[in-house]
Amino acid sequence: MRPVPNDKPFTLAGRTYQSRLLVGTGKYKDLEETRAAIEASGAEIVTVAVRRTNIGQNPGEPNLLDVISPEHYTILPNTAGCFTSEDAVRTCRLARELLDGHKLVKLEVLADQKTLFPNVIETLKAAEVLVKDGFDVMVYTSDDPIIARQLAEMGCIAVMPLAGLIGTGLGICNPYNLRIILEEATVPVLVDAGVGTASDATIAMELGCEAVLMNSAIAHAQNPVLMAEAMKYAIEAGRLAYLAGRMPKKLYASASSPLDGLIR
């Protein structure tokens, strides 16, 4: 994203990023499509499900890091597929070992297979352990402002409330809860889950979110590479609109051209 006067940088764990779009690596037809879509997105942070993707733990199998190089991208290991705090903590420690001491992780502890809604109790337990263990924790959570506040106070470096259920593409279903979280935020707030198309990403950014993370919206598009590019521009447009400040909504019409001085 091009520099904009008075815009604060997007910073995580002491590192500043130009792109405010974070993308996942699952659900593509092959590694080549994964590589092409991520490149088209302009993303600098790429999230990887350690329990589902080979990043070195399975020698002899195709390795995602062969096409998504840690030299060019910040790899964000995530705990997708974990349903207990113990599994999530174990997965983060495995990722740290595989990635030579990498501390930045995305924590998600799910409640059930049907909704993939976050299990808030297990998430809080895992977050406390990981923060004490020296991890920089970005955390997938519900849209409860109180829980978001507690996770930030606990030491998580970013909170990532869902805007809709994972993989549904329903869009921003909870703008009012997100606005409350954003008003109280002391750490970056990123929308995670629910985005289905470019306009959804723009709405999230117009609300004031620091960034958006997505996977299905790109990988399940009819043309994932083209959708990835669309998302890049949607994120930029939403951020610019947020900084510009929208006009107030009115009940009645207001003429675009002034009536004063009208020639009669």
# chains A, B, ... in the order shown; residues from 1 in each chain; ligands from 1

$ select_by_dssp --residues "region 22-255 of chain A" --states "strand (DSSP E)" --output "mmCIF file with N, CA and C atoms, in the first residue's frame"
data_model
loop_
_atom_site.group_PDB
_atom_site.id
_atom_site.type_symbol
_atom_site.label_atom_id
_atom_site.label_comp_id
_atom_site.auth_asym_id
_atom_site.auth_seq_id
_atom_site.Cartn_x
_atom_site.Cartn_y
_atom_site.Cartn_z
ATOM 1 N N LEU A 22 -3.466 -10.255 5.133
ATOM 2 C CA LEU A 22 -2.797 -11.493 5.528
ATOM 3 C C LEU A 22 -3.558 -12.639 4.870
ATOM 4 N N VAL A 23 -2.847 -13.606 4.336
ATOM 5 C CA VAL A 23 -3.525 -14.677 3.605
ATOM 6 C C VAL A 23 -3.105 -16.048 4.108
ATOM 7 N N GLY A 24 -4.029 -17.007 3.935
ATOM 8 C CA GLY A 24 -3.754 -18.389 4.293
ATOM 9 C C GLY A 24 -3.231 -19.164 3.107
ATOM 10 N N ILE A 45 2.500 -11.312 5.067
ATOM 11 C CA ILE A 45 2.343 -12.284 6.146
ATOM 12 C C ILE A 45 1.463 -13.419 5.642
ATOM 13 N N VAL A 46 1.964 -14.635 5.754
ATOM 14 C CA VAL A 46 1.272 -15.816 5.234
ATOM 15 C C VAL A 46 1.082 -16.802 6.375
ATOM 16 N N THR A 47 -0.162 -17.188 6.627
ATOM 17 C CA THR A 47 -0.432 -18.079 7.745
ATOM 18 C C THR A 47 -0.486 -19.531 7.282
ATOM 19 N N VAL A 48 0.023 -20.417 8.129
ATOM 20 C CA VAL A 48 0.204 -21.828 7.787
ATOM 21 C C VAL A 48 -0.356 -22.690 8.910
ATOM 22 N N ALA A 49 -1.246 -23.616 8.563
ATOM 23 C CA ALA A 49 -1.788 -24.559 9.544
ATOM 24 C C ALA A 49 -0.775 -25.675 9.764
ATOM 25 N N THR A 74 6.734 -13.267 5.956
ATOM 26 C CA THR A 74 6.681 -13.628 7.365
ATOM 27 C C THR A 74 5.730 -14.807 7.501
ATOM 28 N N ILE A 75 6.244 -15.938 7.931
ATOM 29 C CA ILE A 75 5.425 -17.133 8.105
ATOM 30 C C ILE A 75 4.720 -17.043 9.460
ATOM 31 N N LEU A 76 3.403 -17.187 9.437
ATOM 32 C CA LEU A 76 2.593 -17.106 10.654
ATOM 33 C C LEU A 76 1.983 -18.482 10.925
ATOM 34 N N PRO A 77 2.653 -19.315 11.716
ATOM 35 C CA PRO A 77 2.084 -20.627 12.040
ATOM 36 C C PRO A 77 0.777 -20.458 12.813
ATOM 37 N N ASN A 78 -0.217 -21.281 12.487
ATOM 38 C CA ASN A 78 -1.466 -21.211 13.235
ATOM 39 C C ASN A 78 -1.838 -22.591 13.777
ATOM 40 N N LEU A 104 6.363 -15.635 16.411
ATOM 41 C CA LEU A 104 5.056 -15.088 16.018
ATOM 42 C C LEU A 104 4.120 -16.224 15.628
ATOM 43 N N VAL A 105 2.979 -16.330 16.311
ATOM 44 C CA VAL A 105 2.018 -17.402 16.036
ATOM 45 C C VAL A 105 0.596 -16.851 16.044
ATOM 46 N N LYS A 106 -0.259 -17.569 15.340
ATOM 47 C CA LYS A 106 -1.695 -17.280 15.394
ATOM 48 C C LYS A 106 -2.374 -18.401 16.167
ATOM 49 N N LEU A 107 -2.959 -18.038 17.294
ATOM 50 C CA LEU A 107 -3.624 -19.002 18.160
ATOM 51 C C LEU A 107 -5.095 -19.105 17.805
ATOM 52 N N ASP A 136 4.881 -14.374 20.577
ATOM 53 C CA ASP A 136 4.104 -13.205 20.171
ATOM 54 C C ASP A 136 2.800 -13.734 19.607
ATOM 55 N N VAL A 137 1.722 -13.571 20.359
ATOM 56 C CA VAL A 137 0.474 -14.280 20.076
ATOM 57 C C VAL A 137 -0.558 -13.358 19.428
ATOM 58 N N MET A 138 -0.939 -13.720 18.210
ATOM 59 C CA MET A 138 -2.110 -13.141 17.558
ATOM 60 C C MET A 138 -3.236 -14.149 17.754
ATOM 61 N N VAL A 139 -4.410 -13.703 18.192
ATOM 62 C CA VAL A 139 -5.382 -14.675 18.679
ATOM 63 C C VAL A 139 -6.750 -14.512 18.011
ATOM 64 N N TYR A 140 -7.212 -15.620 17.430
ATOM 65 C CA TYR A 140 -8.563 -15.727 16.869
ATOM 66 C C TYR A 140 -9.551 -15.853 18.015
ATOM 67 N N THR A 141 -10.580 -15.000 17.992
ATOM 68 C CA THR A 141 -11.500 -14.999 19.119
ATOM 69 C C THR A 141 -12.912 -14.661 18.657
ATOM 70 N N ALA A 158 -2.131 -9.021 19.175
ATOM 71 C CA ALA A 158 -3.214 -8.640 18.268
ATOM 72 C C ALA A 158 -4.411 -9.527 18.570
ATOM 73 N N VAL A 159 -5.613 -8.956 18.465
ATOM 74 C CA VAL A 159 -6.829 -9.755 18.600
ATOM 75 C C VAL A 159 -7.495 -9.825 17.237
ATOM 76 N N MET A 160 -8.073 -11.011 16.948
ATOM 77 C CA MET A 160 -8.592 -11.281 15.609
ATOM 78 C C MET A 160 -10.008 -11.828 15.716
ATOM 79 N N PRO A 161 -10.988 -10.962 15.972
ATOM 80 C CA PRO A 161 -12.367 -11.430 16.085
ATOM 81 C C PRO A 161 -12.925 -11.886 14.740
ATOM 82 N N LEU A 190 -7.650 -7.270 13.912
ATOM 83 C CA LEU A 190 -7.729 -7.779 12.550
ATOM 84 C C LEU A 190 -8.979 -8.633 12.418
ATOM 85 N N VAL A 191 -9.744 -8.425 11.362
ATOM 86 C CA VAL A 191 -10.859 -9.329 11.094
ATOM 87 C C VAL A 191 -10.299 -10.660 10.617
ATOM 88 N N ASP A 192 -10.816 -11.736 11.190
ATOM 89 C CA ASP A 192 -10.380 -13.085 10.827
ATOM 90 C C ASP A 192 -11.628 -13.945 10.659
ATOM 91 N N ALA A 211 -6.072 -4.649 9.783
ATOM 92 C CA ALA A 211 -5.790 -5.547 8.666
ATOM 93 C C ALA A 211 -6.885 -6.608 8.626
ATOM 94 N N VAL A 212 -6.824 -7.450 7.589
ATOM 95 C CA VAL A 212 -7.780 -8.546 7.421
ATOM 96 C C VAL A 212 -7.012 -9.806 7.055
ATOM 97 N N LEU A 213 -7.392 -10.923 7.678
ATOM 98 C CA LEU A 213 -6.820 -12.215 7.315
ATOM 99 C C LEU A 213 -7.898 -13.038 6.624
ATOM 100 N N MET A 214 -7.538 -13.696 5.525
ATOM 101 C CA MET A 214 -8.511 -14.517 4.798
ATOM 102 C C MET A 214 -7.809 -15.666 4.105
#

$ closest_atom_pairs --of "region 132-220 of chain A" --to "region 226-233 of chain A" --cutoff "12 Å" --atoms "only C-alpha atoms" --output "tab-separated table"
residue	atom	partner	partner_atom	distance
A:Val195	CA	A:Met231	CA	10.1
A:Gly196	CA	A:Met231	CA	10.1
A:Thr197	CA	A:Met231	CA	7.6
A:Ala198	CA	A:Met231	CA	5.2
A:Ser199	CA	A:Met231	CA	8.6
A:Asp200	CA	A:Met231	CA	9.4
A:Ala201	CA	A:Met231	CA	7.0
A:Thr202	CA	A:Met231	CA	8.5
A:Ile203	CA	A:Met231	CA	11.8
A:Ala204	CA	A:Met231	CA	11.8
A:Met205	CA	A:Met231	CA	11.5
A:Ala211	CA	A:Lys232	CA	11.1
A:Val212	CA	A:Met231	CA	9.8
A:Leu213	CA	A:Met231	CA	10.5
A:Met214	CA	A:Met231	CA	9.4
A:Asn215	CA	A:Ala228	CA	9.6
A:Ser216	CA	A:Met227	CA	10.7
A:Ala217	CA	A:Met227	CA	7.9
A:Ile218	CA	A:Met227	CA	5.6
A:Ala219	CA	A:Met227	CA	8.5
A:His220	CA	A:Met227	CA	9.4

$ write_last_selection --atoms "C-alpha atoms" --output "compact mmCIF listing (two decimals), in the first residue's frame"
# COMPACT_ATOMS: atom_id res chain seq x y z
CA VAL A 195 -14.92 -12.46 4.28
CA GLY A 196 -16.37 -13.71 0.99
CA THR A 197 -15.55 -11.06 -1.56
CA ALA A 198 -13.70 -7.80 -2.02
CA SER A 199 -16.47 -5.54 -0.69
CA ASP A 200 -16.42 -7.44 2.63
CA ALA A 201 -12.72 -6.72 3.03
CA THR A 202 -13.32 -3.05 2.27
CA ILE A 203 -16.07 -2.83 4.91
CA ALA A 204 -13.78 -4.35 7.53
CA MET A 205 -11.11 -1.77 6.75
CA ALA A 211 -5.79 -5.55 8.67
CA VAL A 212 -7.78 -8.55 7.42
CA LEU A 213 -6.82 -12.22 7.32
CA MET A 214 -8.51 -14.52 4.80
CA ASN A 215 -8.11 -17.83 3.03
CA SER A 216 -11.37 -19.31 1.70
CA ALA A 217 -12.49 -16.11 -0.01
CA ILE A 218 -9.46 -16.35 -2.28
CA ALA A 219 -8.87 -20.10 -2.51
CA HIS A 220 -12.53 -20.95 -3.21

$ select_by_dssp --residues "region 50-108 of chain A" --states "helix (DSSP H, G or I)" --output "ChimeraX atom specification"
/A:64-66,85-98

$ write_last_selection --atoms "C-alpha atoms" --output "CSV table (one decimal), in the first residue's frame"
chain,number,residue,atom,x,y,z
A,64,LEU,CA,5.1,-25.4,1.4
A,65,LEU,CA,8.2,-23.4,2.3
A,66,ASP,CA,9.7,-24.4,-1.1
A,85,SER,CA,-5.4,-25.5,24.9
A,86,GLU,CA,-2.9,-28.3,25.3
A,87,ASP,CA,-2.9,-29.2,21.6
A,88,ALA,CA,-2.6,-25.5,20.6
A,89,VAL,CA,0.4,-25.0,22.9
A,90,ARG,CA,2.1,-28.1,21.6
A,91,THR,CA,1.5,-27.1,18.0
A,92,CYS,CA,3.0,-23.6,18.6
A,93,ARG,CA,6.1,-25.2,20.2
A,94,LEU,CA,6.5,-27.5,17.2
A,95,ALA,CA,6.3,-24.6,14.8
A,96,ARG,CA,8.9,-22.7,16.8
A,97,GLU,CA,11.2,-25.7,16.6
A,98,LEU,CA,10.6,-26.2,12.8

$ atom_distance --atom1 "CA of Thr79 (chain A)" --atom2 "CA of Arg52 (chain A)"
9.4 Å

$ closest_residue --among "A:Glu71, A:Asp112, A:Glu183, A:Glu210" --to "Tyr17 (chain A)" --atoms "only C-alpha atoms"
A:Glu210

$ closest_residue --among "A:Leu99, A:Ala111, A:Leu12, A:Ile235" --to "Ile55 (chain A)" --atoms "only C-alpha atoms"
A:Leu99

$ atom_distance --atom1 "CA of Phe135 (chain A)" --atom2 "CA of Ala185 (chain A)"
20.2 Å

$ residues_around --residues "region 242-253 of chain A" --least-positions-apart "4" --cutoff "10 Å" --atoms "only C-alpha atoms" --output "list in words"
Val4, Pro5, Asn6, Asp7, Thr202, Ile203, Ala204, Met205, Glu206, Leu207, Gly208, Cys209, Glu236, Ala237 and Gly238 of chain A

$ write_last_selection --atoms "N, CA and C atoms" --output "mmCIF file, in the first residue's frame"
data_model
loop_
_atom_site.group_PDB
_atom_site.id
_atom_site.type_symbol
_atom_site.label_atom_id
_atom_site.label_comp_id
_atom_site.auth_asym_id
_atom_site.auth_seq_id
_atom_site.Cartn_x
_atom_site.Cartn_y
_atom_site.Cartn_z
ATOM 1 N N VAL A 4 0.504 7.002 3.043
ATOM 2 C CA VAL A 4 -0.533 8.028 3.140
ATOM 3 C C VAL A 4 -0.197 8.922 4.330
ATOM 4 N N PRO A 5 -0.190 10.244 4.138
ATOM 5 C CA PRO A 5 0.107 11.145 5.260
ATOM 6 C C PRO A 5 -0.827 10.897 6.451
ATOM 7 N N ASN A 6 -0.272 10.936 7.637
ATOM 8 C CA ASN A 6 -1.009 10.798 8.896
ATOM 9 C C ASN A 6 -1.510 9.381 9.170
ATOM 10 N N ASP A 7 -1.148 8.419 8.327
ATOM 11 C CA ASP A 7 -1.539 7.043 8.594
ATOM 12 C C ASP A 7 -0.471 6.382 9.463
ATOM 13 N N THR A 202 -13.282 -4.515 2.205
ATOM 14 C CA THR A 202 -13.323 -3.053 2.271
ATOM 15 C C THR A 202 -14.117 -2.581 3.484
ATOM 16 N N ILE A 203 -15.257 -3.219 3.747
ATOM 17 C CA ILE A 203 -16.074 -2.834 4.908
ATOM 18 C C ILE A 203 -15.289 -3.011 6.201
ATOM 19 N N ALA A 204 -14.578 -4.119 6.326
ATOM 20 C CA ALA A 204 -13.779 -4.353 7.534
ATOM 21 C C ALA A 204 -12.755 -3.238 7.733
ATOM 22 N N MET A 205 -12.112 -2.831 6.655
ATOM 23 C CA MET A 205 -11.109 -1.771 6.754
ATOM 24 C C MET A 205 -11.758 -0.418 7.035
ATOM 25 N N GLU A 206 -12.921 -0.161 6.453
ATOM 26 C CA GLU A 206 -13.617 1.104 6.702
ATOM 27 C C GLU A 206 -14.047 1.238 8.155
ATOM 28 N N LEU A 207 -14.277 0.107 8.831
ATOM 29 C CA LEU A 207 -14.614 0.142 10.255
ATOM 30 C C LEU A 207 -13.432 0.591 11.103
ATOM 31 N N GLY A 208 -12.223 0.449 10.555
ATOM 32 C CA GLY A 208 -11.027 0.850 11.293
ATOM 33 C C GLY A 208 -10.119 -0.288 11.674
ATOM 34 N N CYS A 209 -10.389 -1.502 11.156
ATOM 35 C CA CYS A 209 -9.501 -2.624 11.441
ATOM 36 C C CYS A 209 -8.106 -2.349 10.888
ATOM 37 N N GLU A 236 -6.726 -1.779 0.304
ATOM 38 C CA GLU A 236 -6.190 -0.437 0.140
ATOM 39 C C GLU A 236 -7.320 0.590 0.087
ATOM 40 N N ALA A 237 -8.382 0.289 -0.674
ATOM 41 C CA ALA A 237 -9.508 1.221 -0.793
ATOM 42 C C ALA A 237 -10.181 1.431 0.554
ATOM 43 N N GLY A 238 -10.372 0.349 1.305
ATOM 44 C CA GLY A 238 -11.018 0.465 2.606
ATOM 45 C C GLY A 238 -10.206 1.282 3.589
#

$ atom_distance --atom1 "CA of Pro9 (chain A)" --atom2 "CA of Cys173 (chain A)"
27.0 Å
